[in-house]
Amino acid sequence: MNIDYKTLMDKAKEASQNSYSPFSRFAVGAAVLTSTGKIFLGCNVENSSFGLTNCAERTAIFKAVSEGERELVAVAIYSPNSDSCYPCGACRQVLYEFQGDEQEIEVITENLGNLEIKKLSYFLPNGFRI
Ligand code: THU
């Protein structure tokens with residue numbers, strides 16, 4: 001599939017505007033592209049009971065999966081509060097769960113304004129699967 005990296009990053013930026021992050025004041029947005037070409041957006045949603053916080057990536061992934069889209073091909077991640085925002089360990093494993101057999105998920109980040117594109121295995125080699 002032809003992936004429009006810039007569009008996906010723009011969507012992640014858009015999603016970060018909905019971040020609910022009054023505790024960390026660290027906003028994050030994510031946009032996931034599925035194998036059918038649909039894009040799902042997510043932001044981090046924090047909670048007074050801190051452990052209940054949901055990362056932007058998992059918000060977007062769970063939205064996709066709950067709409068019947070289980071095969072992810074790319075994800076863009078963005079924070080307006082950081083020069084570069086990479087997915088946390090938990091989100092790497094959740095991304096891995098929904099990686100299809102055909103192709104690796106591409107992870108798009110922005111480092112000081114430059115797009116960086118890497119395969120999920122760069123961030124999570126030998127991910128866990130049952
Ligand atoms: N966060 C994300 O949304 N995604 C990540 O990959 C890393 C962390 C959020 C969680 C929390 O709301 C804030 O960033 C600070 O940890």
# chains A, B, ... in the order shown; residues from 1 in each chain; ligands from 1
>>> residues_near_ligand(ligand="ligand 1", cutoff="7 Å", atoms="only C-alpha atoms and all ligand atoms", output="PyMOL selection string")
chain A and resi 21+24+26-29+43-46+53-57+86-88+91
>>> residues_around(residues="A:Asn126", least_positions_apart="5", cutoff="12 Å", atoms="only C-alpha atoms", output="ChimeraX atom specification")
/A:92-93,96-97,120-121
>>> residues_around(residues="A:Gly37", least_positions_apart="6", cutoff="12 Å", atoms="only C-alpha atoms", output="compact mmCIF listing (two decimals) with all heavy atoms, in the first residue's frame")
# COMPACT_ATOMS: atom_id res chain seq x y z
N MET A 1 0.84 -1.20 0.00
CA MET A 1 0.00 0.00 0.00
C MET A 1 0.88 1.25 0.00
O MET A 1 1.91 1.29 0.68
CB MET A 1 -0.90 0.01 1.25
CG MET A 1 -1.82 1.21 1.31
SD MET A 1 -2.67 1.36 2.88
CE MET A 1 -3.70 -0.08 2.85
N ASN A 2 0.43 2.24 -0.77
CA ASN A 2 1.16 3.50 -0.80
C ASN A 2 0.76 4.33 0.43
O ASN A 2 -0.41 4.66 0.59
CB ASN A 2 0.81 4.24 -2.10
CG ASN A 2 1.86 5.26 -2.47
OD1 ASN A 2 3.02 5.13 -2.06
ND2 ASN A 2 1.46 6.28 -3.19
N ILE A 3 1.72 4.65 1.26
CA ILE A 3 1.39 5.36 2.50
C ILE A 3 1.80 6.82 2.40
O ILE A 3 2.95 7.13 2.07
CB ILE A 3 2.11 4.70 3.70
CG1 ILE A 3 1.68 3.23 3.83
CG2 ILE A 3 1.81 5.45 4.99
CD1 ILE A 3 2.49 2.44 4.82
N ASP A 4 0.84 7.70 2.65
CA ASP A 4 1.11 9.13 2.64
C ASP A 4 1.54 9.54 4.06
O ASP A 4 0.71 9.84 4.92
CB ASP A 4 -0.16 9.88 2.19
CG ASP A 4 0.08 11.37 2.05
OD1 ASP A 4 1.10 11.87 2.56
OD2 ASP A 4 -0.78 12.03 1.43
N LEU A 8 -0.55 11.31 7.30
CA LEU A 8 -0.76 10.57 8.55
C LEU A 8 -0.21 11.37 9.73
O LEU A 8 -0.85 11.44 10.80
CB LEU A 8 -0.10 9.19 8.45
CG LEU A 8 -0.74 8.08 9.27
CD1 LEU A 8 -2.21 7.89 8.91
CD2 LEU A 8 0.02 6.77 9.11
N ALA A 64 -9.76 1.45 16.09
CA ALA A 64 -9.72 0.68 14.83
C ALA A 64 -10.25 -0.74 15.05
O ALA A 64 -11.14 -1.21 14.32
CB ALA A 64 -8.29 0.63 14.28
N GLU A 69 -11.38 -3.34 12.34
CA GLU A 69 -10.12 -3.23 11.58
C GLU A 69 -8.98 -3.80 12.43
O GLU A 69 -8.52 -3.15 13.37
CB GLU A 69 -9.85 -1.76 11.24
CG GLU A 69 -10.90 -1.13 10.37
CD GLU A 69 -10.75 -1.48 8.90
OE1 GLU A 69 -9.62 -1.67 8.44
OE2 GLU A 69 -11.79 -1.57 8.22
N GLU A 71 -5.98 -5.11 11.10
CA GLU A 71 -4.67 -5.18 10.44
C GLU A 71 -4.13 -3.76 10.22
O GLU A 71 -4.62 -3.03 9.37
CB GLU A 71 -4.81 -5.91 9.11
CG GLU A 71 -3.54 -6.60 8.70
CD GLU A 71 -3.77 -7.48 7.49
OE1 GLU A 71 -4.19 -8.64 7.67
OE2 GLU A 71 -3.52 -7.00 6.37
N LEU A 72 -3.13 -3.43 11.01
CA LEU A 72 -2.56 -2.08 10.93
C LEU A 72 -1.36 -2.09 10.00
O LEU A 72 -0.58 -3.05 10.00
CB LEU A 72 -2.12 -1.61 12.32
CG LEU A 72 -3.16 -1.75 13.45
CD1 LEU A 72 -2.61 -1.19 14.74
CD2 LEU A 72 -4.46 -1.06 13.08
N VAL A 73 -1.22 -1.03 9.21
CA VAL A 73 -0.05 -0.95 8.32
C VAL A 73 0.88 0.22 8.68
O VAL A 73 2.06 0.18 8.35
CB VAL A 73 -0.45 -0.89 6.82
CG1 VAL A 73 -1.15 -2.16 6.39
CG2 VAL A 73 -1.31 0.31 6.51
N ALA A 74 0.35 1.22 9.36
CA ALA A 74 1.21 2.35 9.75
C ALA A 74 0.60 3.09 10.92
O ALA A 74 -0.62 3.06 11.13
CB ALA A 74 1.39 3.31 8.57
>>> select_by_dssp(residues="stretch 75-110 of chain A", states="alpha helix (DSSP H)", output="number ranges by chain")
A: 89-97
>>> residues_around(residues="A:Lys13", least_positions_apart="6", cutoff="12 Å", atoms="only C-alpha atoms", output="VMD selection string")
chain A and resid 6 to 7 19 27 to 31 41 to 43 56 76 to 81 85 108 to 110
>>> write_last_selection(atoms="N, CA and C atoms", output="PDB file, in the first residue's frame")
ATOM      1  N   LYS A   6       3.096  12.087   5.310  1.00  0.00           N
ATOM      2  CA  LYS A   6       2.859  13.454   5.803  1.00  0.00           C
ATOM      3  C   LYS A   6       1.400  13.632   6.237  1.00  0.00           C
ATOM      4  N   THR A   7       0.491  13.081   5.430  1.00  0.00           N
ATOM      5  CA  THR A   7      -0.932  13.171   5.790  1.00  0.00           C
ATOM      6  C   THR A   7      -1.184  12.482   7.128  1.00  0.00           C
ATOM      7  N   SER A  19      -6.031  15.933  23.179  1.00  0.00           N
ATOM      8  CA  SER A  19      -5.413  15.284  24.345  1.00  0.00           C
ATOM      9  C   SER A  19      -6.033  15.773  25.651  1.00  0.00           C
ATOM     10  N   ALA A  27       0.862  16.352  25.811  1.00  0.00           N
ATOM     11  CA  ALA A  27      -0.171  15.944  24.848  1.00  0.00           C
ATOM     12  C   ALA A  27       0.428  15.016  23.799  1.00  0.00           C
ATOM     13  N   VAL A  28      -0.335  14.004  23.433  1.00  0.00           N
ATOM     14  CA  VAL A  28       0.108  13.075  22.379  1.00  0.00           C
ATOM     15  C   VAL A  28      -1.070  12.793  21.450  1.00  0.00           C
ATOM     16  N   GLY A  29      -0.754  12.695  20.166  1.00  0.00           N
ATOM     17  CA  GLY A  29      -1.761  12.295  19.180  1.00  0.00           C
ATOM     18  C   GLY A  29      -1.217  11.159  18.344  1.00  0.00           C
ATOM     19  N   ALA A  30      -2.117  10.315  17.873  1.00  0.00           N
ATOM     20  CA  ALA A  30      -1.697   9.196  17.017  1.00  0.00           C
ATOM     21  C   ALA A  30      -2.725   9.008  15.911  1.00  0.00           C
ATOM     22  N   ALA A  31      -2.226   8.525  14.773  1.00  0.00           N
ATOM     23  CA  ALA A  31      -3.112   8.178  13.657  1.00  0.00           C
ATOM     24  C   ALA A  31      -2.671   6.822  13.137  1.00  0.00           C
ATOM     25  N   LEU A  41      -7.947   8.010  14.558  1.00  0.00           N
ATOM     26  CA  LEU A  41      -7.167   8.941  15.370  1.00  0.00           C
ATOM     27  C   LEU A  41      -7.337   8.647  16.855  1.00  0.00           C
ATOM     28  N   GLY A  42      -6.304   9.000  17.626  1.00  0.00           N
ATOM     29  CA  GLY A  42      -6.391   8.838  19.077  1.00  0.00           C
ATOM     30  C   GLY A  42      -5.532   9.860  19.786  1.00  0.00           C
ATOM     31  N   CYS A  43      -5.918  10.153  21.031  1.00  0.00           N
ATOM     32  CA  CYS A  43      -5.094  11.039  21.870  1.00  0.00           C
ATOM     33  C   CYS A  43      -4.924  10.356  23.221  1.00  0.00           C
ATOM     34  N   ALA A  56      -2.116   7.683  23.509  1.00  0.00           N
ATOM     35  CA  ALA A  56      -2.721   8.054  22.225  1.00  0.00           C
ATOM     36  C   ALA A  56      -2.743   6.882  21.241  1.00  0.00           C
ATOM     37  N   ALA A  76       1.313   7.003  12.989  1.00  0.00           N
ATOM     38  CA  ALA A  76       2.073   8.240  13.182  1.00  0.00           C
ATOM     39  C   ALA A  76       1.819   8.716  14.602  1.00  0.00           C
ATOM     40  N   ILE A  77       2.880   9.205  15.231  1.00  0.00           N
ATOM     41  CA  ILE A  77       2.795   9.639  16.630  1.00  0.00           C
ATOM     42  C   ILE A  77       3.396  11.032  16.751  1.00  0.00           C
ATOM     43  N   TYR A  78       2.704  11.879  17.528  1.00  0.00           N
ATOM     44  CA  TYR A  78       3.175  13.259  17.641  1.00  0.00           C
ATOM     45  C   TYR A  78       2.868  13.841  19.020  1.00  0.00           C
ATOM     46  N   SER A  79       3.819  14.599  19.529  1.00  0.00           N
ATOM     47  CA  SER A  79       3.555  15.402  20.730  1.00  0.00           C
ATOM     48  C   SER A  79       4.037  16.824  20.477  1.00  0.00           C
ATOM     49  N   PRO A  80       3.175  17.811  20.764  1.00  0.00           N
ATOM     50  CA  PRO A  80       3.621  19.201  20.627  1.00  0.00           C
ATOM     51  C   PRO A  80       4.582  19.598  21.747  1.00  0.00           C
ATOM     52  N   ASN A  81       4.751  18.706  22.724  1.00  0.00           N
ATOM     53  CA  ASN A  81       5.571  19.026  23.897  1.00  0.00           C
ATOM     54  C   ASN A  81       6.938  18.360  23.877  1.00  0.00           C
ATOM     55  N   CYS A  85       8.661  12.161  19.671  1.00  0.00           N
ATOM     56  CA  CYS A  85       7.850  11.339  20.574  1.00  0.00           C
ATOM     57  C   CYS A  85       7.749   9.925  20.007  1.00  0.00           C
ATOM     58  N   ILE A 108       5.793   6.190  12.112  1.00  0.00           N
ATOM     59  CA  ILE A 108       6.197   7.523  11.643  1.00  0.00           C
ATOM     60  C   ILE A 108       6.263   8.464  12.835  1.00  0.00           C
ATOM     61  N   THR A 109       7.414   9.076  13.014  1.00  0.00           N
ATOM     62  CA  THR A 109       7.590  10.055  14.082  1.00  0.00           C
ATOM     63  C   THR A 109       8.196  11.314  13.460  1.00  0.00           C
ATOM     64  N   GLU A 110       8.236  12.360  14.278  1.00  0.00           N
ATOM     65  CA  GLU A 110       8.834  13.600  13.771  1.00  0.00           C
ATOM     66  C   GLU A 110       9.936  13.997  14.735  1.00  0.00           C
TER      67      GLU A 110
END
>>> closest_residue(among="A:Tyr5, A:Arg70, A:Ile61, A:Val32", to="A:Asp101", atoms="only C-alpha atoms")
A:Arg70
>>> select_by_dssp(residues="stretch 20-120 of chain A", states="strand (DSSP E or B)", output="NGL selection string")
:A and (20 or 29-34 or 39-43 or 45 or 54 or 72-78 or 99 or 106-111 or 114-119)
>>> residues_around(residues="A:Leu112", least_positions_apart="5", cutoff="10 Å", atoms="only C-alpha atoms", output="count of residues only")
3
>>> decode(residues="stretch 31-42 of chain A", atoms="all heavy atoms", output="PDB file, in the first residue's frame")
ATOM      1  N   ALA A  31      -2.226   8.525  14.773  1.00  0.00           N
ATOM      2  CA  ALA A  31      -3.112   8.178  13.657  1.00  0.00           C
ATOM      3  C   ALA A  31      -2.671   6.822  13.137  1.00  0.00           C
ATOM      4  O   ALA A  31      -1.486   6.624  12.845  1.00  0.00           O
ATOM      5  CB  ALA A  31      -3.007   9.229  12.546  1.00  0.00           C
ATOM      6  N   VAL A  32      -3.604   5.879  13.080  1.00  0.00           N
ATOM      7  CA  VAL A  32      -3.258   4.560  12.542  1.00  0.00           C
ATOM      8  C   VAL A  32      -3.962   4.346  11.202  1.00  0.00           C
ATOM      9  O   VAL A  32      -5.119   4.724  11.017  1.00  0.00           O
ATOM     10  CB  VAL A  32      -3.597   3.384  13.505  1.00  0.00           C
ATOM     11  CG1 VAL A  32      -2.805   3.475  14.794  1.00  0.00           C
ATOM     12  CG2 VAL A  32      -5.067   3.285  13.796  1.00  0.00           C
ATOM     13  N   LEU A  33      -3.211   3.768  10.296  1.00  0.00           N
ATOM     14  CA  LEU A  33      -3.729   3.423   8.965  1.00  0.00           C
ATOM     15  C   LEU A  33      -3.910   1.908   8.928  1.00  0.00           C
ATOM     16  O   LEU A  33      -3.000   1.161   9.299  1.00  0.00           O
ATOM     17  CB  LEU A  33      -2.719   3.858   7.900  1.00  0.00           C
ATOM     18  CG  LEU A  33      -3.009   3.473   6.455  1.00  0.00           C
ATOM     19  CD1 LEU A  33      -4.230   4.228   5.913  1.00  0.00           C
ATOM     20  CD2 LEU A  33      -1.780   3.754   5.575  1.00  0.00           C
ATOM     21  N   THR A  34      -5.095   1.478   8.490  1.00  0.00           N
ATOM     22  CA  THR A  34      -5.357   0.042   8.436  1.00  0.00           C
ATOM     23  C   THR A  34      -5.222  -0.472   6.996  1.00  0.00           C
ATOM     24  O   THR A  34      -5.133   0.313   6.050  1.00  0.00           O
ATOM     25  CB  THR A  34      -6.775  -0.278   8.963  1.00  0.00           C
ATOM     26  OG1 THR A  34      -7.735   0.238   8.030  1.00  0.00           O
ATOM     27  CG2 THR A  34      -7.011   0.341  10.337  1.00  0.00           C
ATOM     28  N   SER A  35      -5.231  -1.783   6.854  1.00  0.00           N
ATOM     29  CA  SER A  35      -5.002  -2.395   5.537  1.00  0.00           C
ATOM     30  C   SER A  35      -6.112  -2.074   4.537  1.00  0.00           C
ATOM     31  O   SER A  35      -5.938  -2.235   3.336  1.00  0.00           O
ATOM     32  CB  SER A  35      -4.843  -3.913   5.680  1.00  0.00           C
ATOM     33  OG  SER A  35      -6.002  -4.445   6.269  1.00  0.00           O
ATOM     34  N   THR A  36      -7.275  -1.605   5.034  1.00  0.00           N
ATOM     35  CA  THR A  36      -8.344  -1.225   4.108  1.00  0.00           C
ATOM     36  C   THR A  36      -8.267   0.260   3.735  1.00  0.00           C
ATOM     37  O   THR A  36      -9.140   0.774   3.042  1.00  0.00           O
ATOM     38  CB  THR A  36      -9.744  -1.512   4.706  1.00  0.00           C
ATOM     39  OG1 THR A  36      -9.895  -0.720   5.888  1.00  0.00           O
ATOM     40  CG2 THR A  36      -9.927  -2.976   5.055  1.00  0.00           C
ATOM     41  N   GLY A  37      -7.242   0.943   4.249  1.00  0.00           N
ATOM     42  CA  GLY A  37      -7.035   2.349   3.889  1.00  0.00           C
ATOM     43  C   GLY A  37      -7.720   3.338   4.821  1.00  0.00           C
ATOM     44  O   GLY A  37      -7.689   4.538   4.574  1.00  0.00           O
ATOM     45  N   LYS A  38      -8.318   2.818   5.900  1.00  0.00           N
ATOM     46  CA  LYS A  38      -8.985   3.742   6.836  1.00  0.00           C
ATOM     47  C   LYS A  38      -7.977   4.291   7.848  1.00  0.00           C
ATOM     48  O   LYS A  38      -7.006   3.614   8.201  1.00  0.00           O
ATOM     49  CB  LYS A  38     -10.105   3.019   7.580  1.00  0.00           C
ATOM     50  CG  LYS A  38     -11.281   2.678   6.690  1.00  0.00           C
ATOM     51  CD  LYS A  38     -12.443   2.146   7.526  1.00  0.00           C
ATOM     52  CE  LYS A  38     -13.568   1.695   6.609  1.00  0.00           C
ATOM     53  NZ  LYS A  38     -14.208   0.477   7.059  1.00  0.00           N
ATOM     54  N   ILE A  39      -8.268   5.489   8.330  1.00  0.00           N
ATOM     55  CA  ILE A  39      -7.399   6.118   9.329  1.00  0.00           C
ATOM     56  C   ILE A  39      -8.201   6.357  10.601  1.00  0.00           C
ATOM     57  O   ILE A  39      -9.326   6.883  10.549  1.00  0.00           O
ATOM     58  CB  ILE A  39      -6.841   7.466   8.798  1.00  0.00           C
ATOM     59  CG1 ILE A  39      -5.901   7.203   7.609  1.00  0.00           C
ATOM     60  CG2 ILE A  39      -6.102   8.223   9.899  1.00  0.00           C
ATOM     61  CD1 ILE A  39      -5.401   8.473   6.916  1.00  0.00           C
ATOM     62  N   PHE A  40      -7.626   5.950  11.722  1.00  0.00           N
ATOM     63  CA  PHE A  40      -8.254   6.160  13.034  1.00  0.00           C
ATOM     64  C   PHE A  40      -7.339   7.035  13.877  1.00  0.00           C
ATOM     65  O   PHE A  40      -6.127   6.827  13.913  1.00  0.00           O
ATOM     66  CB  PHE A  40      -8.491   4.815  13.738  1.00  0.00           C
ATOM     67  CG  PHE A  40      -9.514   3.960  13.040  1.00  0.00           C
ATOM     68  CD1 PHE A  40      -9.132   3.153  11.967  1.00  0.00           C
ATOM     69  CD2 PHE A  40     -10.836   3.972  13.423  1.00  0.00           C
ATOM     70  CE1 PHE A  40     -10.066   2.376  11.297  1.00  0.00           C
ATOM     71  CE2 PHE A  40     -11.791   3.195  12.759  1.00  0.00           C
ATOM     72  CZ  PHE A  40     -11.404   2.400  11.697  1.00  0.00           C
ATOM     73  N   LEU A  41      -7.947   8.010  14.558  1.00  0.00           N
ATOM     74  CA  LEU A  41      -7.167   8.941  15.370  1.00  0.00           C
ATOM     75  C   LEU A  41      -7.337   8.647  16.855  1.00  0.00           C
ATOM     76  O   LEU A  41      -8.376   8.138  17.283  1.00  0.00           O
ATOM     77  CB  LEU A  41      -7.626  10.385  15.113  1.00  0.00           C
ATOM     78  CG  LEU A  41      -7.682  10.851  13.660  1.00  0.00           C
ATOM     79  CD1 LEU A  41      -7.967  12.350  13.619  1.00  0.00           C
ATOM     80  CD2 LEU A  41      -6.382  10.535  12.944  1.00  0.00           C
ATOM     81  N   GLY A  42      -6.304   9.000  17.626  1.00  0.00           N
ATOM     82  CA  GLY A  42      -6.391   8.838  19.077  1.00  0.00           C
ATOM     83  C   GLY A  42      -5.532   9.860  19.786  1.00  0.00           C
ATOM     84  O   GLY A  42      -4.572  10.391  19.224  1.00  0.00           O
TER      85      GLY A  42
END
